[in-house]
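S.K.: Shown below is the structure under consideration.
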Amino acid sequence: MPAPTPDAGSPTPARRTLRLGRSVRIERSGDFARLRQQGQRMALGCLIANWQRLPDGAQPRLGVVTSKKIGGAVQRNRARRLLRETFRRHQYDLAQPVDIILVARNSIAGRTYAEVEKDYLTTLRRAGLLKPT
RNA sequence: UUGGAAGGGCGGAGAAUCGCUCCCGGCGCAAGCGGGGGGAGGAAAGUCCGAACACCGCAGGGCGUGAUGCCGCGUAACUCCGGUUCGGCCGGAGAUACACGCGGGAGGAAAGUUGAAAGACGUUCCGACGGAAAGUGCCACAGAAAAUAAGACCGCCGCCGUCUGUUUGAGGCGGUAAGGGUGAAAAGGUGGUGUAAGAGACCACCGCGCGAAGCGCAAGCAACGCGGCACGGAAAACCCCAUCGGGUGCAAGGCCAAAUAGGAAACCGAGGAGUUGUCCGCUCCGGGUUUCGUGAAAGCGAAACAGGUUUCGGGUAUCGGUCGCUCAGACAAAUGAUUCUCUCCGUUCGCAAGAACGCAGACAGAAUUCGGCUUACAGCCCUUCCAAAACC
RNA sequence: UGUCCGAUGGUGUAAUGGUAACACAGAGCCCUUUGAAGGCUUUAUUCAUGGUUCGAAUCCAUGUCGGACAA
């Protein structure tokens with residue numbers, strides 16, 4: 001498997017599942033507005049990230065924005081699923097719990113999972129949100 | 001076999017790991033955990049039509065406005081009835097299509113055949129197709145004239161009459177729509193008789209109009225008879241006639257258990273509000289002040305006469321019967337990610353077997369439901385027809 | 001998801017069914033010592049395809065693209 005497994009190399013005491021349930025989603029319009037206006041922002045490659053750090057022990061949450069500029073419903077669904085998948089795979093690699101919003105850009109059309117994952121990890125590393133390995 | 005046209009169909013399969021969403025059991029105070037099952041399309045799209053369904057203090061009338069307009073047949077969700085093993089089950093019936101599909105008939109176009117021509121005939125394609133003898137308006141430019149059977153520019157003909165040797169010619173008065181020219185269109189066509197020249201003035205054929213035996217369920221076709229010809233085009237101009245339509249669309253002037261509450265009381269006051277184009281009519285009781293009180297989310301609407309599947313039968317194929325199964329459903333919105341195997345297709349290499357490469361590679365993602373139309377689409381399959389080549 | 005609008009040169013707008021007009025901009029030429037201003041010329045398959053009509057930017061149908069509103 002070319003994509004590094006989150007558990008690989010870092011033995012965790014308890015086996016943590018890679019679930020991504022409904023409680024992990026940011027659903028309120030107010031949360032979106034707060035993160036977009038007050039959160040930190042970084043654009044790289046095919047995505048834009050807005051985030052706010054949360055206190056330790058909190059549940060990290062994810063919101064995804066795919067505008068009509070990306071394309072039709074097929075392209076937007078694909079972009080949202082890829083971004084959610086990258087967050088799900090790496091949700092335990094975060095150094096600190098955050099509320100994060102990932103905005104897809106036009107260049108995400110046609111990208112594979114590996115390319116999107118690379119952009120996501122680079123963004124997190126530059127933002128200092130990734131655990132040191 | 002190859003190519004083309006028309007019509008119809010399909011739109012990869014299997015598996016592993018990690019996930020998402022819905023339903024049903026189990027455990028748990030709860031968060032949740034674990035088990036079983038379901039989970040995008042032929043167009044889900046565009047929103048171009050129609051319908052269901054729901055609501056709007058009722059839908060009744062007038063005016064306005066919109067849609068539709070040849071004939072026949074067929075068809076959905078839906079509604080109703082009966083039975084019931086109560087299952088969203090079985091059987092039957094009805095309706096709406098001025099959505100649409102199929103077939104036919106007027107009409108039009110193209111090339112062809114025939115004919116001296118007008119026209120006729122069959123083929124192919126199109127075919128939004130009531131009324132232009134109810135009314136109003138329009139038909140640019142060109143042309144003499146563009147719609148009261150009008151119109152005399154060039155012509156043709158007759159008469160008068162001037163000049164002159166005579167005719168021609170100039171001029172005047174009349175007749176004439178055969179010819180020229182303009183135009184999309186010039187007021188029946190062709191041929192003849194006739195005439196000063198002409199003219200349906202008369203005749204033959206054709207066309208046209210009216211009637212009509214007969215044929216056809218019907219639209220309609222039409223032998224035959226009558227009429228000398230009347231009715232230019234356009235209603236996808238206004239309009240007239242007939243039929244239909246109340247409005248709003250699940251993001252609804254929709255519903256919503258329990259708790260809270262929607263409200264209750266008093267006074268003032270004589271009209272107010274609604275009916276969503278407007279008026280009449282109709283319906284409701286409202287409005288202001290004071291006092292107590294006066295949140296939002298979630299949920300319902302909303303998922304099944306469909307569909308897929310096992311097996312049987314015939315068929316080239318689409319298909320038909322039968323058995324058992326219940327089978328997408330959210331609301332910042334599930335149906336995904338990665339990997340392996342097989343198969344289809346394409347390219348390259350190879351005599352071939354086969355190998356390598358190409359992300360199973362096109363258009364595209366359900367949002368109340370149903371039917372239709374239109375648009376997009378890699379590749380493949382089936383039927384029919386046409387053309388070419390080879391073989392018998 | 002539903003409802004509703006619009007499309008004319010590069011831009012902004014006009015146009016009874018009858019030669020697509022105006023302004024600005026662009027290019028070229030004239031004028032001028034040069035420039036500005038001015039003058040002349042040029043720049044359009046009226047979103048596409050069909051249909052009605054003698055004739056379509058206009059009327060009708062379908063599609064394409066763009067936009068607005070409703071939580």
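Letters A, B, ... mark the chains of the structure tokens in the order given; residue numbers begin at 1 per chain; ligand numbers begin at 1, in order shown.
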Tell me, as a PyMOL selection string, which residues lie within 9 Å of Arg89 of chain A, counting only C-alpha atoms (C1' of nucleotides); anything in the same chain fewer than 3 positions away does not count.

M.R.: (chain A and resi 5-6+18-19+84-86+92-93) or (chain B and resi 18)

S.K.: Produce a file of the selected residues containing C-alpha atoms (C1' of nucleotides), as a PDB file, in the first residue's frame.

M.R.:
ATOM      1  CA  THR A   5      -1.111   3.709   7.242  1.00  0.00           C
ATOM      2  CA  PRO A   6      -1.602   5.887  10.302  1.00  0.00           C
ATOM      3  CA  LEU A  18     -10.663   5.074  11.510  1.00  0.00           C
ATOM      4  CA  ARG A  19     -14.323   5.967  11.780  1.00  0.00           C
ATOM      5  CA  ARG A  84     -13.120  13.422   3.612  1.00  0.00           C
ATOM      6  CA  GLU A  85     -11.143  10.255   2.956  1.00  0.00           C
ATOM      7  CA  THR A  86      -7.823  12.006   3.490  1.00  0.00           C
ATOM      8  CA  TYR A  92      -4.986  10.565  14.448  1.00  0.00           C
ATOM      9  CA  ASP A  93      -1.911  12.213  12.949  1.00  0.00           C
TER      10      ASP A  93
ATOM     11  C1'   C B  18     -10.706   0.484   5.712  1.00  0.00           C
TER      12        C B  18
END

S.K.: I'd like the contact shell of Val103 of chain A - 8 Å cut-off, only C-alpha atoms (C1' of nucleotides), skipping same-chain residues fewer than 4 positions apart - returned as a PyMOL selection string.

M.R.: chain A and resi 47-49+64-66

S.K.: Write out, as a PDB file, in the first residue's frame, the residues just selected, with N, CA and C atoms.

M.R.:
ATOM      1  N   LEU A  47      -6.310  22.538  -2.702  1.00  0.00           N
ATOM      2  CA  LEU A  47      -7.239  22.747  -1.601  1.00  0.00           C
ATOM      3  C   LEU A  47      -6.853  23.979  -0.796  1.00  0.00           C
ATOM      4  N   ILE A  48      -7.819  24.483  -0.060  1.00  0.00           N
ATOM      5  CA  ILE A  48      -7.625  25.585   0.873  1.00  0.00           C
ATOM      6  C   ILE A  48      -8.089  25.078   2.227  1.00  0.00           C
ATOM      7  N   ALA A  49      -7.303  25.379   3.284  1.00  0.00           N
ATOM      8  CA  ALA A  49      -7.669  24.913   4.623  1.00  0.00           C
ATOM      9  C   ALA A  49      -7.888  26.127   5.531  1.00  0.00           C
ATOM     10  N   VAL A  64     -16.398  20.334   4.622  1.00  0.00           N
ATOM     11  CA  VAL A  64     -15.880  20.360   3.258  1.00  0.00           C
ATOM     12  C   VAL A  64     -16.760  21.292   2.447  1.00  0.00           C
ATOM     13  N   VAL A  65     -16.125  22.135   1.633  1.00  0.00           N
ATOM     14  CA  VAL A  65     -16.849  23.058   0.755  1.00  0.00           C
ATOM     15  C   VAL A  65     -16.430  22.758  -0.670  1.00  0.00           C
ATOM     16  N   THR A  66     -17.421  22.475  -1.507  1.00  0.00           N
ATOM     17  CA  THR A  66     -17.162  22.281  -2.939  1.00  0.00           C
ATOM     18  C   THR A  66     -18.118  23.198  -3.688  1.00  0.00           C
TER      19      THR A  66
END

S.K.: Provide as a list in words the residues of chain B at most 12 Å from chain A, counting only C-alpha atoms (C1' of nucleotides).

M.R.: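 Here is what falls inside 12 Å: U17, C18, G19, C20, U21, A31, G32, A40, A44, A45, A297, C331, A332, A333, A334, U335, G336, A337, U338, U339, C340, C359, C363, A364, G365 and A366 of chain B.
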
S.K.: Those residues you just picked out, can you put them in a file as a short mmCIF file (atom, residue, chain, number, x, y, z; two decimals), in the first residue's frame with C-alpha atoms (C1' of nucleotides)?

M.R.:
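After the write, selection_15.cif holds the following:
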data_model
loop_
_atom_site.label_atom_id
_atom_site.label_comp_id
_atom_site.auth_asym_id
_atom_site.auth_seq_id
_atom_site.Cartn_x
_atom_site.Cartn_y
_atom_site.Cartn_z
"C1'" U B 17 -9.18 -4.27 3.76
"C1'" C B 18 -10.71 0.48 5.71
"C1'" G B 19 -15.14 3.68 5.70
"C1'" C B 20 -20.38 6.37 4.87
"C1'" U B 21 -25.82 6.15 5.11
"C1'" A B 31 -22.71 8.22 24.05
"C1'" G B 32 -22.10 4.07 21.50
"C1'" A B 40 -27.70 6.08 -8.35
"C1'" A B 44 -30.95 10.45 -12.14
"C1'" A B 45 -29.63 16.11 -16.51
"C1'" A B 297 -34.45 23.06 15.97
"C1'" C B 331 -31.26 17.88 4.44
"C1'" A B 332 -23.39 21.46 4.82
"C1'" A B 333 -26.94 16.39 1.91
"C1'" A B 334 -24.90 8.53 2.14
"C1'" U B 335 -23.73 5.25 -2.25
"C1'" G B 336 -16.57 6.24 -1.18
"C1'" A B 337 -10.89 5.06 -0.96
"C1'" U B 338 -6.99 1.53 -1.91
"C1'" U B 339 -5.50 -3.16 -3.91
"C1'" C B 340 -5.83 -7.94 -6.61
"C1'" C B 359 -6.71 4.27 -14.08
"C1'" C B 363 -22.04 11.10 -20.75
"C1'" A B 364 -22.87 11.70 -16.04
"C1'" G B 365 -24.89 11.62 -9.27
"C1'" A B 366 -31.39 10.34 -6.82
#

S.K.: Run DSSP on the backbone of this structure and report the residues of chain A it assigns to helix (DSSP H, G or I), as a PyMOL selection string.

M.R.: chain A and resi 22-24+29-38+73-89+106-108+113-127

S.K.: Okay, now the selection with N, CA and C atoms, as a tab-separated table (two decimals), in the first residue's frame?

M.R.:
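Done, and the output landed in out08.tsv:
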chain	number	residue	atom	x	y	z
A	22	ARG	N	-21.07	11.00	12.12
A	22	ARG	CA	-21.77	12.26	11.92
A	22	ARG	C	-21.30	13.33	12.90
A	23	SER	N	-20.87	12.89	14.10
A	23	SER	CA	-20.46	13.88	15.10
A	23	SER	C	-19.18	14.58	14.70
A	24	VAL	N	-18.46	14.04	13.72
A	24	VAL	CA	-17.21	14.64	13.30
A	24	VAL	C	-17.45	15.77	12.30
A	29	SER	N	-24.11	26.50	9.93
A	29	SER	CA	-23.63	27.58	9.09
A	29	SER	C	-22.79	28.57	9.88
A	30	GLY	N	-23.12	28.73	11.18
A	30	GLY	CA	-22.34	29.63	12.00
A	30	GLY	C	-20.92	29.16	12.20
A	31	ASP	N	-20.73	27.85	12.35
A	31	ASP	CA	-19.39	27.31	12.50
A	31	ASP	C	-18.56	27.57	11.25
A	32	PHE	N	-19.20	27.40	10.10
A	32	PHE	CA	-18.49	27.66	8.85
A	32	PHE	C	-18.06	29.12	8.78
A	33	ALA	N	-18.98	30.02	9.09
A	33	ALA	CA	-18.67	31.45	9.00
A	33	ALA	C	-17.57	31.82	9.98
A	34	ARG	N	-17.61	31.27	11.18
A	34	ARG	CA	-16.60	31.60	12.18
A	34	ARG	C	-15.22	31.13	11.73
A	35	LEU	N	-15.15	29.91	11.18
A	35	LEU	CA	-13.86	29.39	10.76
A	35	LEU	C	-13.31	30.14	9.55
A	36	ARG	N	-14.22	30.49	8.64
A	36	ARG	CA	-13.74	31.17	7.44
A	36	ARG	C	-13.26	32.57	7.76
A	37	GLN	N	-13.84	33.19	8.80
A	37	GLN	CA	-13.47	34.58	9.10
A	37	GLN	C	-12.38	34.67	10.15
A	38	GLN	N	-12.45	33.84	11.19
A	38	GLN	CA	-11.52	33.98	12.30
A	38	GLN	C	-10.40	32.95	12.28
A	73	ALA	N	-22.15	17.96	-10.54
A	73	ALA	CA	-22.35	17.23	-9.29
A	73	ALA	C	-21.36	16.08	-9.16
A	74	VAL	N	-20.99	15.47	-10.30
A	74	VAL	CA	-20.05	14.35	-10.23
A	74	VAL	C	-18.70	14.81	-9.72
A	75	GLN	N	-18.19	15.91	-10.28
A	75	GLN	CA	-16.89	16.41	-9.86
A	75	GLN	C	-16.94	16.88	-8.41
A	76	ARG	N	-18.03	17.52	-8.00
A	76	ARG	CA	-18.10	18.03	-6.63
A	76	ARG	C	-18.22	16.89	-5.63
A	77	ASN	N	-19.00	15.87	-5.95
A	77	ASN	CA	-19.09	14.71	-5.06
A	77	ASN	C	-17.75	14.03	-4.92
A	78	ARG	N	-17.05	13.88	-6.05
A	78	ARG	CA	-15.74	13.23	-6.03
A	78	ARG	C	-14.76	14.02	-5.16
A	79	ALA	N	-14.76	15.33	-5.31
A	79	ALA	CA	-13.84	16.16	-4.53
A	79	ALA	C	-14.14	16.05	-3.04
A	80	ARG	N	-15.42	16.11	-2.69
A	80	ARG	CA	-15.78	16.02	-1.27
A	80	ARG	C	-15.40	14.67	-0.69
A	81	ARG	N	-15.60	13.60	-1.43
A	81	ARG	CA	-15.29	12.27	-0.92
A	81	ARG	C	-13.79	12.09	-0.75
A	82	LEU	N	-13.03	12.62	-1.68
A	82	LEU	CA	-11.57	12.49	-1.55
A	82	LEU	C	-11.08	13.27	-0.34
A	83	LEU	N	-11.57	14.47	-0.13
A	83	LEU	CA	-11.11	15.27	1.00
A	83	LEU	C	-11.51	14.63	2.32
A	84	ARG	N	-12.70	14.09	2.38
A	84	ARG	CA	-13.12	13.42	3.61
A	84	ARG	C	-12.29	12.17	3.86
A	85	GLU	N	-11.93	11.47	2.79
A	85	GLU	CA	-11.14	10.26	2.96
A	85	GLU	C	-9.74	10.58	3.49
A	86	THR	N	-9.15	11.65	2.98
A	86	THR	CA	-7.82	12.01	3.49
A	86	THR	C	-7.90	12.40	4.96
A	87	PHE	N	-8.90	13.15	5.35
A	87	PHE	CA	-9.05	13.51	6.75
A	87	PHE	C	-9.28	12.27	7.61
A	88	ARG	N	-10.08	11.33	7.10
A	88	ARG	CA	-10.36	10.12	7.88
A	88	ARG	C	-9.09	9.30	8.09
A	89	ARG	N	-8.30	9.15	7.02
A	89	ARG	CA	-7.09	8.34	7.13
A	89	ARG	C	-6.09	8.94	8.13
A	106	ASN	N	-10.32	24.48	-8.17
A	106	ASN	CA	-10.60	23.94	-9.51
A	106	ASN	C	-9.66	22.81	-9.88
A	107	SER	N	-8.40	22.87	-9.43
A	107	SER	CA	-7.41	21.91	-9.91
A	107	SER	C	-7.63	20.53	-9.34
A	108	ILE	N	-8.61	20.35	-8.45
A	108	ILE	CA	-8.84	19.02	-7.89
A	108	ILE	C	-9.50	18.09	-8.90
A	113	TYR	N	-6.44	9.98	-5.51
A	113	TYR	CA	-6.40	10.07	-4.05
A	113	TYR	C	-5.00	10.39	-3.56
A	114	ALA	N	-3.98	9.78	-4.18
A	114	ALA	CA	-2.61	9.97	-3.72
A	114	ALA	C	-2.18	11.42	-3.85
A	115	GLU	N	-2.59	12.09	-4.94
A	115	GLU	CA	-2.21	13.49	-5.13
A	115	GLU	C	-2.89	14.39	-4.10
A	116	VAL	N	-4.17	14.13	-3.87
A	116	VAL	CA	-4.89	14.93	-2.88
A	116	VAL	C	-4.30	14.73	-1.50
A	117	GLU	N	-3.97	13.48	-1.18
A	117	GLU	CA	-3.38	13.19	0.14
A	117	GLU	C	-2.04	13.91	0.32
A	118	LYS	N	-1.25	13.97	-0.76
A	118	LYS	CA	0.04	14.64	-0.69
A	118	LYS	C	-0.15	16.13	-0.37
A	119	ASP	N	-1.07	16.79	-1.07
A	119	ASP	CA	-1.34	18.21	-0.81
A	119	ASP	C	-1.84	18.41	0.62
A	120	TYR	N	-2.69	17.51	1.09
A	120	TYR	CA	-3.26	17.65	2.42
A	120	TYR	C	-2.17	17.54	3.48
A	121	LEU	N	-1.31	16.55	3.34
A	121	LEU	CA	-0.27	16.35	4.35
A	121	LEU	C	0.73	17.49	4.32
A	122	THR	N	1.07	18.00	3.11
A	122	THR	CA	1.98	19.13	3.03
A	122	THR	C	1.40	20.36	3.72
A	123	THR	N	0.10	20.59	3.52
A	123	THR	CA	-0.56	21.72	4.15
A	123	THR	C	-0.51	21.61	5.67
A	124	LEU	N	-0.82	20.41	6.17
A	124	LEU	CA	-0.81	20.23	7.63
A	124	LEU	C	0.60	20.38	8.20
A	125	ARG	N	1.57	19.88	7.44
A	125	ARG	CA	2.94	19.96	7.96
A	125	ARG	C	3.39	21.42	8.04
A	126	ARG	N	3.07	22.21	7.03
A	126	ARG	CA	3.46	23.62	7.06
A	126	ARG	C	2.70	24.38	8.13
A	127	ALA	N	1.47	23.94	8.40
A	127	ALA	CA	0.69	24.63	9.43
A	127	ALA	C	1.09	24.21	10.83

S.K.: Just list the residues in chain A DSSP gives strand (DSSP E or B) on the backbone, as a PyMOL selection string.

M.R.: chain A and resi 25+40-44+47-53+61-65+94+98-104+130

S.K.: Deliver the residues from the most recent selection as a file, using C-alpha atoms, as a short mmCIF file (atom, residue, chain, number, x, y, z; two decimals), in the first residue's frame.

M.R.:
data_model
loop_
_atom_site.label_atom_id
_atom_site.label_comp_id
_atom_site.auth_asym_id
_atom_site.auth_seq_id
_atom_site.Cartn_x
_atom_site.Cartn_y
_atom_site.Cartn_z
CA ARG A 25 -18.95 16.85 10.76
CA GLN A 40 -6.14 30.48 10.16
CA ARG A 41 -5.90 29.96 6.43
CA MET A 42 -3.53 28.27 4.05
CA ALA A 43 -3.92 27.52 0.32
CA LEU A 44 -1.79 24.91 -1.37
CA LEU A 47 -7.24 22.75 -1.60
CA ILE A 48 -7.62 25.58 0.87
CA ALA A 49 -7.67 24.91 4.62
CA ASN A 50 -9.24 27.04 7.36
CA TRP A 51 -8.74 25.83 10.90
CA GLN A 52 -8.99 26.72 14.55
CA ARG A 53 -7.14 24.90 17.27
CA ARG A 61 -14.19 18.12 13.28
CA LEU A 62 -14.24 18.49 9.50
CA GLY A 63 -16.24 20.53 7.01
CA VAL A 64 -15.88 20.36 3.26
CA VAL A 65 -16.85 23.06 0.75
CA LEU A 94 -3.03 15.63 14.16
CA VAL A 98 -8.82 21.28 15.36
CA ASP A 99 -11.94 22.37 13.57
CA ILE A 100 -10.91 22.37 9.94
CA ILE A 101 -12.66 23.33 6.74
CA LEU A 102 -11.27 22.07 3.46
CA VAL A 103 -12.26 24.03 0.35
CA ALA A 104 -11.72 22.33 -2.97
CA LEU A 130 1.04 17.28 12.08
#

S.K.: Determine, counting only C-alpha atoms (C1' of nucleotides), which protein, DNA and RNA residues have an atom within 10 Å of an atom of segment 286-291 of chain B; residues of the same chain fewer than 2 positions away are not included. Present the result as a list in words.

M.R.: A265, A266, C267, C268, G269, G271, G272, A273, C284 and G293 of chain B

S.K.: Give me the segment 138-244 of chain B side of the contact with segment 46-65 of chain C, cut-off 8 Å, one line per residue showing its nearest atom pair and distance in Å at one decimal, counting only C-alpha atoms (C1' of nucleotides), sorted by chain and residue number, as CSV.

M.R.:
residue,atom,partner,partner_atom,distance
B:A184,C1',C:C54,C1',3.1
B:A185,C1',C:C54,C1',7.6
B:A234,C1',C:U53,C1',7.5
B:A236,C1',C:C60,C1',4.2

S.K.: Take atom C1' of G11 of chain B and atom C1' of A367 of chain B and report the distance between them in Å, one decimal.

M.R.: 24.3 Å
